file input.txt (compact mmCIF, C-alpha atoms)
# COMPACT_ATOMS: atom_id res chain seq x y z
CA MET A 911 -51.53 9.08 56.35
CA SER A 912 -48.97 6.40 57.14
CA SER A 913 -45.75 6.71 55.19
CA LYS A 914 -45.18 2.97 55.20
CA GLY A 915 -46.55 2.59 51.70
CA GLU A 916 -46.80 -1.06 50.64
CA MET A 917 -46.00 -2.53 54.05
CA THR A 918 -48.12 -5.38 55.32
CA THR A 919 -50.53 -4.40 58.09
CA ILE A 920 -52.04 -6.98 60.43
CA ILE A 921 -55.00 -6.20 62.70
CA ARG A 922 -55.04 -8.73 65.55
CA ASN A 923 -57.70 -9.57 68.13
CA GLY A 924 -60.88 -7.59 68.78
CA THR A 925 -64.37 -8.30 67.42
CA LEU A 926 -64.87 -8.46 63.66
CA ILE A 927 -68.00 -7.10 61.96
CA ASP A 928 -67.26 -8.01 58.35
CA ALA A 929 -70.58 -6.65 56.94
CA THR A 930 -71.14 -9.73 54.80
CA GLY A 931 -74.24 -10.68 56.76
CA GLN A 932 -72.38 -13.02 59.11
CA PRO A 933 -72.64 -12.40 62.87
CA ALA A 934 -69.86 -10.54 64.63
CA ALA A 935 -67.07 -12.90 65.67
CA PRO A 936 -63.72 -12.87 67.48
CA ASN A 937 -61.00 -11.66 65.14
CA ASP A 938 -57.80 -13.59 64.62
CA ALA A 939 -56.07 -11.48 61.97
CA VAL A 940 -57.03 -9.17 59.13
CA VAL A 941 -53.98 -8.97 56.86
CA ILE A 942 -53.60 -6.03 54.47
CA GLN A 943 -51.09 -5.79 51.64
CA GLY A 944 -51.05 -2.71 49.44
CA ASN A 945 -54.57 -1.35 49.24
CA ARG A 946 -56.36 -4.71 49.52
CA ILE A 947 -57.19 -7.26 52.18
CA LEU A 948 -54.95 -10.30 51.74
CA SER A 949 -56.70 -12.57 54.23
CA VAL A 950 -59.13 -12.79 57.14
CA GLY A 951 -58.46 -15.48 59.76
CA PRO A 952 -55.11 -17.13 60.49
CA VAL A 953 -52.05 -15.23 59.28
CA PRO A 954 -50.90 -16.76 55.94
CA PRO A 955 -47.58 -18.64 56.15
CA GLN A 956 -45.90 -16.26 53.69
CA VAL A 957 -46.34 -13.36 56.12
CA ASN A 958 -43.62 -13.13 58.75
CA VAL A 959 -45.16 -11.37 61.74
CA GLU A 960 -41.69 -10.95 63.27
CA ASP A 961 -40.47 -8.85 60.34
CA ARG A 962 -40.91 -5.50 62.06
CA GLU A 963 -39.33 -3.66 59.15
CA HIS A 964 -42.04 -4.70 56.71
CA VAL A 965 -44.97 -5.76 58.92
CA ASP A 966 -47.00 -3.38 61.07
CA THR A 967 -49.27 -5.00 63.68
CA ILE A 968 -52.27 -3.26 65.24
CA ASP A 969 -53.63 -4.80 68.45
CA ALA A 970 -57.42 -4.35 68.50
CA THR A 971 -58.01 -6.15 71.79
CA GLY A 972 -61.24 -4.88 73.37
CA LYS A 973 -62.21 -3.07 70.17
CA TRP A 974 -64.47 -3.57 67.15
CA ILE A 975 -63.36 -3.83 63.53
CA MET A 976 -65.66 -3.01 60.61
CA PRO A 977 -65.53 -1.64 57.05
CA GLY A 978 -65.13 2.08 56.46
CA LEU A 979 -68.39 3.98 56.12
CA ILE A 980 -69.64 4.93 52.68
CA GLU A 981 -71.57 8.22 52.67
CA GLY A 982 -74.08 8.05 49.84
CA HIS A 983 -75.20 11.69 49.73
CA CYS A 984 -72.85 14.54 50.60
CA HIS A 985 -72.13 17.80 48.76
CA LEU A 986 -68.56 19.10 49.06
CA SER A 987 -68.67 22.05 46.66
CA PHE A 988 -71.98 23.81 47.34
CA GLY A 989 -70.11 26.53 49.19
CA GLN A 990 -71.67 25.50 52.49
CA PRO A 991 -71.51 26.12 55.31
CA ALA A 992 -71.12 29.86 54.75
CA MET A 993 -68.24 31.69 56.40
CA PRO A 994 -69.51 34.98 57.92
CA GLY A 995 -67.33 38.02 57.39
CA LEU A 996 -65.53 36.58 54.38
CA ASN A 997 -66.90 38.12 51.21
CA ILE A 998 -65.34 35.58 48.87
CA ALA A 999 -67.08 32.76 50.80
CA ARG A 1000 -70.64 33.96 50.21
CA GLY A 1001 -72.19 31.05 48.37
CA THR A 1002 -70.29 29.51 45.47
CA THR A 1003 -69.45 32.63 43.44
CA SER A 1004 -65.71 31.90 43.52
CA PRO A 1005 -64.68 28.58 41.95
CA GLU A 1006 -61.13 28.96 43.23
CA PHE A 1007 -62.09 29.50 46.88
CA SER A 1008 -64.85 26.88 46.66
CA THR A 1009 -62.35 24.29 45.42
CA ILE A 1010 -59.89 24.94 48.24
CA ARG A 1011 -62.66 24.83 50.82
CA ALA A 1012 -64.12 21.64 49.31
CA ALA A 1013 -60.70 19.99 49.71
CA ARG A 1014 -60.74 20.93 53.37
CA ASN A 1015 -64.30 19.59 53.66
CA ALA A 1016 -63.14 16.25 52.23
CA ARG A 1017 -60.53 15.86 54.98
CA GLU A 1018 -63.13 16.47 57.67
CA VAL A 1019 -65.44 13.87 56.16
CA LEU A 1020 -62.64 11.28 56.05
CA ARG A 1021 -61.82 11.78 59.73
CA SER A 1022 -65.40 11.01 60.73
CA GLY A 1023 -64.94 7.45 59.44
CA VAL A 1024 -66.20 7.96 55.87
CA THR A 1025 -63.66 6.38 53.54
CA SER A 1026 -65.78 6.60 50.37
CA LEU A 1027 -68.12 9.33 49.27
CA SER A 1028 -70.88 9.65 46.67
CA ILE A 1029 -71.47 13.27 45.67
CA PRO A 1030 -74.80 13.77 43.89
CA GLY A 1031 -74.13 17.19 42.46
CA GLY A 1032 -71.97 20.23 42.96
CA THR A 1033 -70.79 23.40 41.26
CA TRP A 1034 -68.61 23.62 38.15
CA PHE A 1035 -66.63 20.33 38.02
CA ILE A 1036 -64.97 20.85 41.39
CA ASP A 1037 -65.83 17.37 42.64
CA VAL A 1038 -64.29 15.73 39.57
CA ALA A 1039 -61.08 17.65 40.27
CA LEU A 1040 -61.13 16.61 43.93
CA ARG A 1041 -61.61 12.97 42.94
CA GLU A 1042 -58.57 13.09 40.68
CA ALA A 1043 -56.43 15.00 43.19
CA ILE A 1044 -57.23 12.46 45.93
CA ASN A 1045 -56.52 9.55 43.59
CA ALA A 1046 -53.21 11.14 42.65
CA GLY A 1047 -52.23 11.60 46.30
CA LEU A 1048 -52.12 15.40 46.05
CA ILE A 1049 -54.70 15.88 48.79
CA GLU A 1050 -56.29 13.69 51.42
CA GLY A 1051 -59.91 12.59 51.46
CA PRO A 1052 -62.35 9.75 50.87
CA ARG A 1053 -62.46 8.11 47.46
CA ILE A 1054 -65.01 10.08 45.46
CA TYR A 1055 -67.74 9.06 43.01
CA CYS A 1056 -69.49 12.16 41.73
CA ALA A 1057 -72.11 13.76 39.56
CA GLY A 1058 -72.00 17.23 38.05
CA ARG A 1059 -74.65 19.91 38.41
CA PHE A 1060 -78.24 18.71 38.74
CA ILE A 1061 -80.19 18.58 35.48
CA VAL A 1062 -83.39 20.50 36.23
CA THR A 1063 -86.37 22.10 34.52
CA TYR A 1064 -88.34 25.21 35.40
CA GLY A 1065 -89.76 24.64 38.88
CA SER A 1066 -87.27 21.98 39.93
CA ILE A 1067 -85.06 22.29 42.99
CA ALA A 1068 -82.09 24.62 42.28
CA ASP A 1069 -84.14 26.68 39.78
CA ASN A 1070 -84.25 29.69 42.10
CA GLU A 1071 -83.36 32.57 39.77
CA PRO A 1072 -85.79 34.49 37.49
CA SER A 1073 -86.20 32.81 34.11
CA TRP A 1074 -84.17 35.53 32.38
CA MET A 1075 -81.22 34.68 34.64
CA GLY A 1076 -81.33 30.95 34.09
CA THR A 1077 -78.86 28.93 36.16
CA PRO A 1078 -75.39 30.55 36.31
CA GLU A 1079 -72.31 28.33 36.68
CA HIS A 1080 -72.16 28.88 40.44
CA VAL A 1081 -75.65 27.37 40.85
CA ASN A 1082 -75.78 23.64 41.58
CA GLY A 1083 -78.45 23.03 38.96
CA VAL A 1084 -78.42 23.52 35.19
CA LEU A 1085 -81.64 24.17 33.27
CA ALA A 1086 -82.60 21.79 30.49
CA ASN A 1087 -86.21 22.23 29.41
CA SER A 1088 -86.33 19.76 26.53
CA VAL A 1089 -85.10 16.25 25.83
CA ALA A 1090 -82.52 17.64 23.39
CA GLU A 1091 -81.12 20.00 26.03
CA MET A 1092 -81.03 17.21 28.62
CA ILE A 1093 -79.16 14.87 26.29
CA THR A 1094 -76.66 17.60 25.46
CA GLU A 1095 -76.04 18.23 29.15
CA VAL A 1096 -75.52 14.52 29.82
CA ARG A 1097 -72.93 14.43 27.05
CA ARG A 1098 -71.21 17.58 28.33
CA GLN A 1099 -70.97 16.25 31.88
CA CYS A 1100 -69.73 12.84 30.75
CA LYS A 1101 -67.07 14.58 28.66
CA HIS A 1102 -65.85 16.31 31.80
CA GLY A 1103 -65.54 13.06 33.73
CA VAL A 1104 -68.57 12.65 36.00
CA ASP A 1105 -69.33 9.16 37.30
CA PHE A 1106 -73.10 9.58 37.27
CA ILE A 1107 -75.85 12.00 36.27
CA LYS A 1108 -78.10 13.69 38.82
CA MET A 1109 -81.62 14.68 37.79
CA ALA A 1110 -83.73 16.73 40.18
CA ASP A 1111 -87.48 17.13 40.45
CA SER A 1112 -89.35 19.62 42.66
CA THR A 1113 -87.94 20.62 46.05
CA TRP A 1114 -90.54 19.00 48.29
CA GLY A 1115 -92.33 16.70 45.87
CA ASP A 1116 -95.59 18.62 45.76
CA PHE A 1117 -95.59 18.51 41.95
CA GLN A 1118 -93.72 16.70 39.18
CA THR A 1119 -91.32 18.71 37.01
CA ILE A 1120 -89.74 16.01 34.82
CA SER A 1121 -91.78 13.59 32.72
CA ARG A 1122 -91.23 9.86 32.42
CA GLU A 1123 -90.38 10.30 28.73
CA GLU A 1124 -87.68 12.82 29.57
CA LEU A 1125 -86.29 10.53 32.25
CA GLU A 1126 -86.20 7.57 29.86
CA ALA A 1127 -84.22 9.61 27.33
CA VAL A 1128 -81.68 10.71 29.93
CA VAL A 1129 -81.35 7.20 31.38
CA GLY A 1130 -80.71 5.82 27.90
CA GLU A 1131 -78.03 8.40 27.09
CA ALA A 1132 -76.30 8.09 30.47
CA HIS A 1133 -76.20 4.30 30.32
CA ARG A 1134 -74.87 4.39 26.77
CA ARG A 1135 -71.95 6.36 28.11
CA ASN A 1136 -71.39 4.01 31.06
CA ALA A 1137 -72.67 6.57 33.54
CA ARG A 1138 -75.29 5.81 36.14
CA ILE A 1139 -78.22 8.08 36.92
CA ALA A 1140 -79.85 9.14 40.17
CA ILE A 1141 -82.71 11.51 40.85
CA HIS A 1142 -83.84 13.83 43.63
CA SER A 1143 -87.48 12.78 43.90
CA ARG A 1144 -89.64 13.30 46.95
CA GLY A 1145 -93.06 13.05 45.31
CA SER A 1146 -95.26 10.08 44.48
CA ASP A 1147 -95.62 10.63 40.72
CA SER A 1148 -91.96 11.49 40.15
CA THR A 1149 -90.78 8.46 42.14
CA ARG A 1150 -92.99 6.11 40.13
CA ALA A 1151 -91.89 7.70 36.84
CA ALA A 1152 -88.23 7.42 37.82
CA ALA A 1153 -88.57 3.74 38.68
CA GLU A 1154 -90.38 3.02 35.42
CA ALA A 1155 -87.70 4.91 33.49
CA GLY A 1156 -84.95 2.73 34.99
CA VAL A 1157 -82.89 5.18 37.03
CA ASP A 1158 -80.23 3.49 39.15
CA TRP A 1159 -81.31 4.96 42.47
CA ILE A 1160 -83.87 7.41 43.83
CA MET A 1161 -82.98 9.92 46.51
CA HIS A 1162 -85.62 10.59 49.15
CA ALA A 1163 -89.01 9.21 47.94
CA ASP A 1164 -90.55 10.69 51.12
CA LEU A 1165 -94.08 10.81 49.71
CA ALA A 1166 -94.01 7.55 47.75
CA THR A 1167 -97.07 5.40 48.31
CA GLU A 1168 -97.15 1.64 48.75
CA ALA A 1169 -98.20 1.35 45.08
CA ASP A 1170 -95.23 3.51 44.05
CA LEU A 1171 -92.85 1.35 46.08
CA GLU A 1172 -94.23 -1.75 44.40
CA VAL A 1173 -93.12 -0.26 41.07
CA VAL A 1174 -89.73 0.55 42.60
CA ALA A 1175 -89.39 -3.06 43.82
CA GLU A 1176 -90.53 -4.54 40.50
CA ASN A 1177 -87.87 -2.57 38.64
CA GLY A 1178 -85.09 -3.37 41.11
CA VAL A 1179 -84.41 0.31 41.81
CA ARG A 1180 -82.66 1.31 45.02
CA ILE A 1181 -83.82 4.11 47.33
CA MET A 1182 -81.62 6.43 49.38
CA PRO A 1183 -84.05 8.10 51.83
CA THR A 1184 -81.61 10.69 53.27
CA ILE A 1185 -83.84 11.26 56.27
CA THR A 1186 -80.98 12.68 58.33
CA PHE A 1187 -81.39 16.08 56.68
CA LEU A 1188 -85.15 16.18 57.29
CA LYS A 1189 -84.83 15.17 60.94
CA HIS A 1190 -82.02 17.65 61.61
CA ALA A 1191 -83.78 20.48 59.75
CA VAL A 1192 -86.92 20.02 61.85
CA ALA A 1193 -84.80 20.13 65.01
CA VAL A 1194 -82.62 23.17 64.22
CA GLY A 1195 -83.98 24.69 60.99
CA ARG A 1196 -85.45 27.79 62.63
CA GLU A 1197 -82.05 28.57 64.17
CA PHE A 1198 -80.69 28.80 60.61
CA GLY A 1199 -83.40 31.06 59.24
CA ARG A 1200 -85.92 28.49 58.01
CA SER A 1201 -89.47 29.85 58.22
CA ASP A 1202 -92.23 28.17 60.22
CA LYS A 1203 -93.94 27.30 56.94
CA GLU A 1204 -90.83 25.61 55.56
CA VAL A 1205 -90.16 23.70 58.79
CA ASP A 1206 -93.77 22.48 58.77
CA GLN A 1207 -93.27 21.29 55.18
CA ILE A 1208 -90.07 19.48 56.15
CA LYS A 1209 -91.86 17.86 59.10
CA TYR A 1210 -94.56 16.61 56.71
CA ASN A 1211 -91.90 15.05 54.48
CA LEU A 1212 -90.13 13.62 57.52
CA GLU A 1213 -93.24 11.77 58.67
CA GLY A 1214 -93.72 10.50 55.13
CA GLY A 1215 -90.10 9.37 55.06
CA TYR A 1216 -90.46 7.32 58.23
CA GLY A 1217 -93.47 5.49 56.80
CA MET A 1218 -91.78 4.99 53.43
CA LEU A 1219 -88.68 3.52 55.13
CA GLN A 1220 -90.77 0.93 56.95
CA GLN A 1221 -92.68 -0.01 53.80
CA ALA A 1222 -89.49 -0.25 51.72
CA ARG A 1223 -87.98 -2.69 54.22
CA SER A 1224 -91.09 -4.85 54.32
CA MET A 1225 -91.18 -4.98 50.50
CA GLY A 1226 -87.52 -5.87 50.10
CA VAL A 1227 -86.50 -2.62 48.42
CA LYS A 1228 -82.73 -2.12 48.74
CA VAL A 1229 -82.18 0.95 50.93
CA LEU A 1230 -78.92 2.92 50.79
CA CYS A 1231 -77.58 5.46 53.31
CA GLY A 1232 -77.02 9.17 52.72
CA THR A 1233 -77.33 12.31 54.84
CA ASP A 1234 -77.26 15.36 52.52
CA SER A 1235 -74.42 16.85 54.57
CA GLY A 1236 -73.05 20.04 53.06
CA ASN A 1237 -76.34 21.02 51.41
CA SER A 1238 -76.83 24.06 53.67
CA PRO A 1239 -75.36 25.75 56.77
CA LEU A 1240 -77.34 23.47 59.07
CA MET A 1241 -75.61 20.35 57.70
CA PRO A 1242 -71.91 20.67 58.68
CA TYR A 1243 -69.18 18.27 57.61
CA GLY A 1244 -67.88 15.53 59.86
CA GLU A 1245 -70.85 15.41 62.23
CA LEU A 1246 -73.88 13.68 60.70
CA HIS A 1247 -72.50 11.15 58.20
CA ALA A 1248 -73.37 8.10 60.36
CA ASN A 1249 -76.77 9.31 61.57
CA GLU A 1250 -78.86 7.54 58.93
CA MET A 1251 -78.12 4.18 60.56
CA GLU A 1252 -79.68 5.24 63.86
CA ILE A 1253 -82.76 6.46 61.97
CA MET A 1254 -83.05 3.11 60.18
CA VAL A 1255 -82.98 1.29 63.53
CA LYS A 1256 -85.30 3.63 65.44
CA TYR A 1257 -87.84 4.39 62.74
CA GLY A 1258 -87.45 1.76 60.03
CA GLY A 1259 -87.33 -1.48 62.01
CA TYR A 1260 -83.80 -2.40 60.92
CA THR A 1261 -81.37 -4.21 63.19
CA PRO A 1262 -78.04 -2.48 63.89
CA MET A 1263 -76.31 -5.09 61.71
CA GLU A 1264 -78.71 -4.42 58.82
CA ALA A 1265 -78.10 -0.69 59.16
CA ILE A 1266 -74.32 -1.15 59.18
CA ILE A 1267 -74.52 -3.36 56.08
CA ALA A 1268 -76.64 -0.69 54.34
CA ASN A 1269 -73.97 1.92 55.09
CA THR A 1270 -71.08 -0.29 53.96
CA ARG A 1271 -71.65 -3.32 51.69
CA ASP A 1272 -74.87 -2.06 50.09
CA ASN A 1273 -73.66 1.53 49.77
CA ALA A 1274 -70.76 0.33 47.64
CA PHE A 1275 -73.30 0.54 44.80
CA ALA A 1276 -73.46 4.32 45.27
CA VAL A 1277 -69.73 4.60 44.58
CA GLY A 1278 -69.64 2.09 41.73
CA LEU A 1279 -67.66 -0.51 43.68
CA GLU A 1280 -70.13 -3.22 44.62
CA GLY A 1281 -68.24 -6.46 45.16
CA GLU A 1282 -65.01 -4.48 45.64
CA LEU A 1283 -65.71 -2.46 48.76
CA GLY A 1284 -67.77 -2.39 51.93
CA THR A 1285 -66.94 -5.77 53.45
CA ILE A 1286 -63.90 -7.22 55.20
CA GLU A 1287 -63.05 -10.15 52.97
CA ALA A 1288 -59.96 -11.33 51.13
CA GLY A 1289 -59.51 -9.40 47.89
CA ARG A 1290 -61.60 -6.40 48.91
CA LEU A 1291 -60.28 -2.86 49.09
CA ALA A 1292 -58.80 -2.23 52.53
CA ASP A 1293 -61.05 0.43 54.06
CA ILE A 1294 -61.40 -0.40 57.75
CA LEU A 1295 -62.46 1.27 61.01
CA ILE A 1296 -61.43 0.27 64.52
CA LEU A 1297 -63.80 1.45 67.27
CA ASP A 1298 -63.58 1.54 71.05
CA ARG A 1299 -67.35 0.95 71.40
CA ASP A 1300 -69.66 -1.76 70.08
CA PRO A 1301 -71.80 -0.40 67.19
CA LEU A 1302 -74.07 -3.45 67.35
CA ALA A 1303 -75.04 -2.57 70.92
CA ASP A 1304 -75.59 1.09 69.96
CA VAL A 1305 -75.18 2.10 66.33
CA SER A 1306 -75.00 5.78 67.32
CA VAL A 1307 -71.40 5.29 68.55
CA LEU A 1308 -70.39 5.64 64.89
CA GLN A 1309 -71.50 9.27 64.84
CA LYS A 1310 -69.00 12.17 64.63
CA GLY A 1311 -66.05 9.78 64.64
CA GLU A 1312 -65.82 10.15 68.41
CA HIS A 1313 -65.12 6.46 69.08
CA LEU A 1314 -62.66 5.82 66.28
CA SER A 1315 -59.32 4.34 67.30
CA ALA A 1316 -58.10 3.99 63.72
CA ILE A 1317 -59.16 4.66 60.14
CA ILE A 1318 -57.56 2.74 57.31
CA LYS A 1319 -58.28 3.86 53.75
CA ASP A 1320 -56.75 2.08 50.78
CA GLY A 1321 -54.56 0.11 53.16
CA LYS A 1322 -53.02 3.21 54.80
CA GLN A 1323 -53.72 4.61 58.25
CA VAL A 1324 -55.17 8.10 58.44
CA ASN A 1325 -53.56 10.55 60.85
CA LEU A 1326 -56.56 11.31 63.05
CA ASN A 1327 -54.87 14.40 64.49
CA GLY A 1328 -54.07 15.90 61.07
CA LEU A 1329 -56.63 18.69 61.03
CA ALA A 1330 -55.92 19.72 64.61
CA GLU A 1331 -52.19 19.77 63.95
CA ASP A 1332 -52.64 21.83 60.78
CA HIS A 1333 -54.77 24.33 62.71
CA LEU A 1334 -52.15 24.58 65.45
CA VAL A 1335 -49.43 25.23 62.88
CA ALA A 1336 -51.55 27.95 61.28
CA LEU A 1337 -52.15 29.63 64.65
CA THR A 1338 -48.45 29.46 65.48
CA ALA A 1339 -47.57 31.01 62.13
CA ASP A 1340 -49.98 33.86 62.77

call {"tool": "encode", "arguments": {"input": "input.txt", "output": "structure tokens"}}
result
Amino acid sequence: MSSKGEMTTIIRNGTLIDATGQPAAPNDAVVIQGNRILSVGPVPPQVNVEDREHVDTIDATGKWIMPGLIEGHCHLSFGQPAMPGLNIARGTTSPEFSTIRAARNAREVLRSGVTSLSIPGGTWFIDVALREAINAGLIEGPRIYCAGRFIVTYGSIADNEPSWMGTPEHVNGVLANSVAEMITEVRRQCKHGVDFIKMADSTWGDFQTISREELEAVVGEAHRRNARIAIHSRGSDSTRAAAEAGVDWIMHADLATEADLEVVAENGVRIMPTITFLKHAVAVGREFGRSDKEVDQIKYNLEGGYGMLQQARSMGVKVLCGTDSGNSPLMPYGELHANEMEIMVKYGGYTPMEAIIANTRDNAFAVGLEGELGTIEAGRLADILILDRDPLADVSVLQKGEHLSAIIKDGKQVNLNGLAEDHLVALTAD
């Protein structure tokens, strides 16, 4: 990152996409002081653009300026992708190694243009530690808003061990088969500093594993402790129950019917489809050991997801963007974090501007910073991307960070060559 600390940064010229809902427009000047945007438009009179010692000017002529991306669904500490030949890297059995690797994962995510990250579940409390280390300036990465391990019941996703094994600490889910156990787990996770609680129903939504009554109890306890709650729910019944129980957002909802979405809309609940994982798993799943039966199941959910996305838009349901990167070896870091926008445009009927707003302004909800982040306006946190291609002409240019000229997070420029330079140093040392 830039070492200029509290210097004033001015971005001149270029085309501004402020993600407020206004059309793109020629940019005069975006002025940043500290970690916030001071002004958008003419340079304020108190800023001396000739003061080269304290003012850094970036010329964005011929480029596009927009808010930093907010990834709504990425797992840093699952222990994925696996590292063949390294025994300690098999899964998440080593908290120490998993923490170090998760820190590296965070840096890769940041350099793809993701300046804020919502993590709906991980192992131990690694993500809480990463959040605090990034905030303290010890390591580099997106700002983090995180849950702990999923709260699951028998038959939920992440309940993969025999019942006599339960869910060991290295598993991303924790069993809670009664309301009392669920409430205790909410309290334990809140004590350890999570931002929100993640519940999780069945893997593919073919049956419901958590009742509405259980969900209502968990929602009540989480909200009492100023924590939000989200749920992995692909099925119809579980999606309706979650909306009725008042969860803050629902992940997936692939198989939700129009009637289910009406309940979602009535209760003002947001949906984060996370179709990127389904689409990518259908394309390459067999290469990573997924069986034909599982790929067929994923394809079924994918088709349901496309239809659900279209219905949600037509009904005015607020749709957030997430990809599920890091959930398995087929979802690497730094590559797919912007793909949900292209899916929204191609399969959901969204305009590129609507998709960008979903991945910036609207996604600020998923990191607890709505009204503070995700737009380029005076007073907002200064997370900004500068691109050498127009994302409104083709939203896919945001993918993989390939067209990024600059990333600014918290008012400071990110060294885009950092990972490559570190790797070169390591090779030289060897």

call {"tool": "residues_around", "arguments": {"input": "input.txt", "residues": "segment 1277-1283 of chain A", "least_positions_apart": "5", "cutoff": "9 Å", "atoms": "only C-alpha atoms", "output": "list in words"}}
result
Pro977, Gly978, Ile980, Gly982, Ser1026, Leu1027, Ser1028, Ile1029, Arg1053, Ile1054, Tyr1055, Cys1056, Asp1105, Arg1138, Thr1270, Arg1271, Asp1272, Gly1289, Arg1290, Leu1291, Ala1292 and Asp1293 of chain A

call {"tool": "closest_residue", "arguments": {"input": "input.txt", "among": "A:Thr1119, A:Ser949, A:Gln1220, A:Gln943", "to": "Gly1321 of chain A", "atoms": "all atoms listed in the file"}}
result
A:Gln943

call {"tool": "closest_residue", "arguments": {"input": "input.txt", "among": "A:Val959, A:Leu1302, A:Ala1057, A:Ile1317", "to": "Ala935 of chain A", "atoms": "only C-alpha atoms"}}
result
A:Leu1302

call {"tool": "closest_residue", "arguments": {"input": "input.txt", "among": "A:Ile998, A:Met1241, A:Ala1110, A:Met1075", "to": "Leu986 of chain A", "atoms": "only C-alpha atoms"}}
result
A:Met1241

call {"tool": "atom_distance", "arguments": {"input": "input.txt", "atom1": "atom CA of Ala1316 of chain A", "atom2": "atom CA of Leu1297 of chain A"}}
result
7.2 Å

call {"tool": "residues_around", "arguments": {"input": "input.txt", "residues": "Thr925 of chain A", "least_positions_apart": "4", "cutoff": "12 Å", "atoms": "all atoms listed in the file", "output": "NGL selection string"}}
result
:A and (921 or 933-940 or 969-976 or 1295-1302)

call {"tool": "write_last_selection", "arguments": {"input": "input.txt", "atoms": "C-alpha atoms", "output": "PDB file, in the frame of the given file"}}
result
ATOM      1  CA  ILE A 921     -55.000  -6.200  62.700  1.00  0.00           C
ATOM      2  CA  PRO A 933     -72.640 -12.400  62.870  1.00  0.00           C
ATOM      3  CA  ALA A 934     -69.860 -10.540  64.630  1.00  0.00           C
ATOM      4  CA  ALA A 935     -67.070 -12.900  65.670  1.00  0.00           C
ATOM      5  CA  PRO A 936     -63.720 -12.870  67.480  1.00  0.00           C
ATOM      6  CA  ASN A 937     -61.000 -11.660  65.140  1.00  0.00           C
ATOM      7  CA  ASP A 938     -57.800 -13.590  64.620  1.00  0.00           C
ATOM      8  CA  ALA A 939     -56.070 -11.480  61.970  1.00  0.00           C
ATOM      9  CA  VAL A 940     -57.030  -9.170  59.130  1.00  0.00           C
ATOM     10  CA  ASP A 969     -53.630  -4.800  68.450  1.00  0.00           C
ATOM     11  CA  ALA A 970     -57.420  -4.350  68.500  1.00  0.00           C
ATOM     12  CA  THR A 971     -58.010  -6.150  71.790  1.00  0.00           C
ATOM     13  CA  GLY A 972     -61.240  -4.880  73.370  1.00  0.00           C
ATOM     14  CA  LYS A 973     -62.210  -3.070  70.170  1.00  0.00           C
ATOM     15  CA  TRP A 974     -64.470  -3.570  67.150  1.00  0.00           C
ATOM     16  CA  ILE A 975     -63.360  -3.830  63.530  1.00  0.00           C
ATOM     17  CA  MET A 976     -65.660  -3.010  60.610  1.00  0.00           C
ATOM     18  CA  LEU A1295     -62.460   1.270  61.010  1.00  0.00           C
ATOM     19  CA  ILE A1296     -61.430   0.270  64.520  1.00  0.00           C
ATOM     20  CA  LEU A1297     -63.800   1.450  67.270  1.00  0.00           C
ATOM     21  CA  ASP A1298     -63.580   1.540  71.050  1.00  0.00           C
ATOM     22  CA  ARG A1299     -67.350   0.950  71.400  1.00  0.00           C
ATOM     23  CA  ASP A1300     -69.660  -1.760  70.080  1.00  0.00           C
ATOM     24  CA  PRO A1301     -71.800  -0.400  67.190  1.00  0.00           C
ATOM     25  CA  LEU A1302     -74.070  -3.450  67.350  1.00  0.00           C
TER      26      LEU A1302
END

call {"tool": "atom_distance", "arguments": {"input": "input.txt", "atom1": "atom CA of Thr918 of chain A", "atom2": "atom CA of Ile942 of chain A"}}
result
5.6 Å
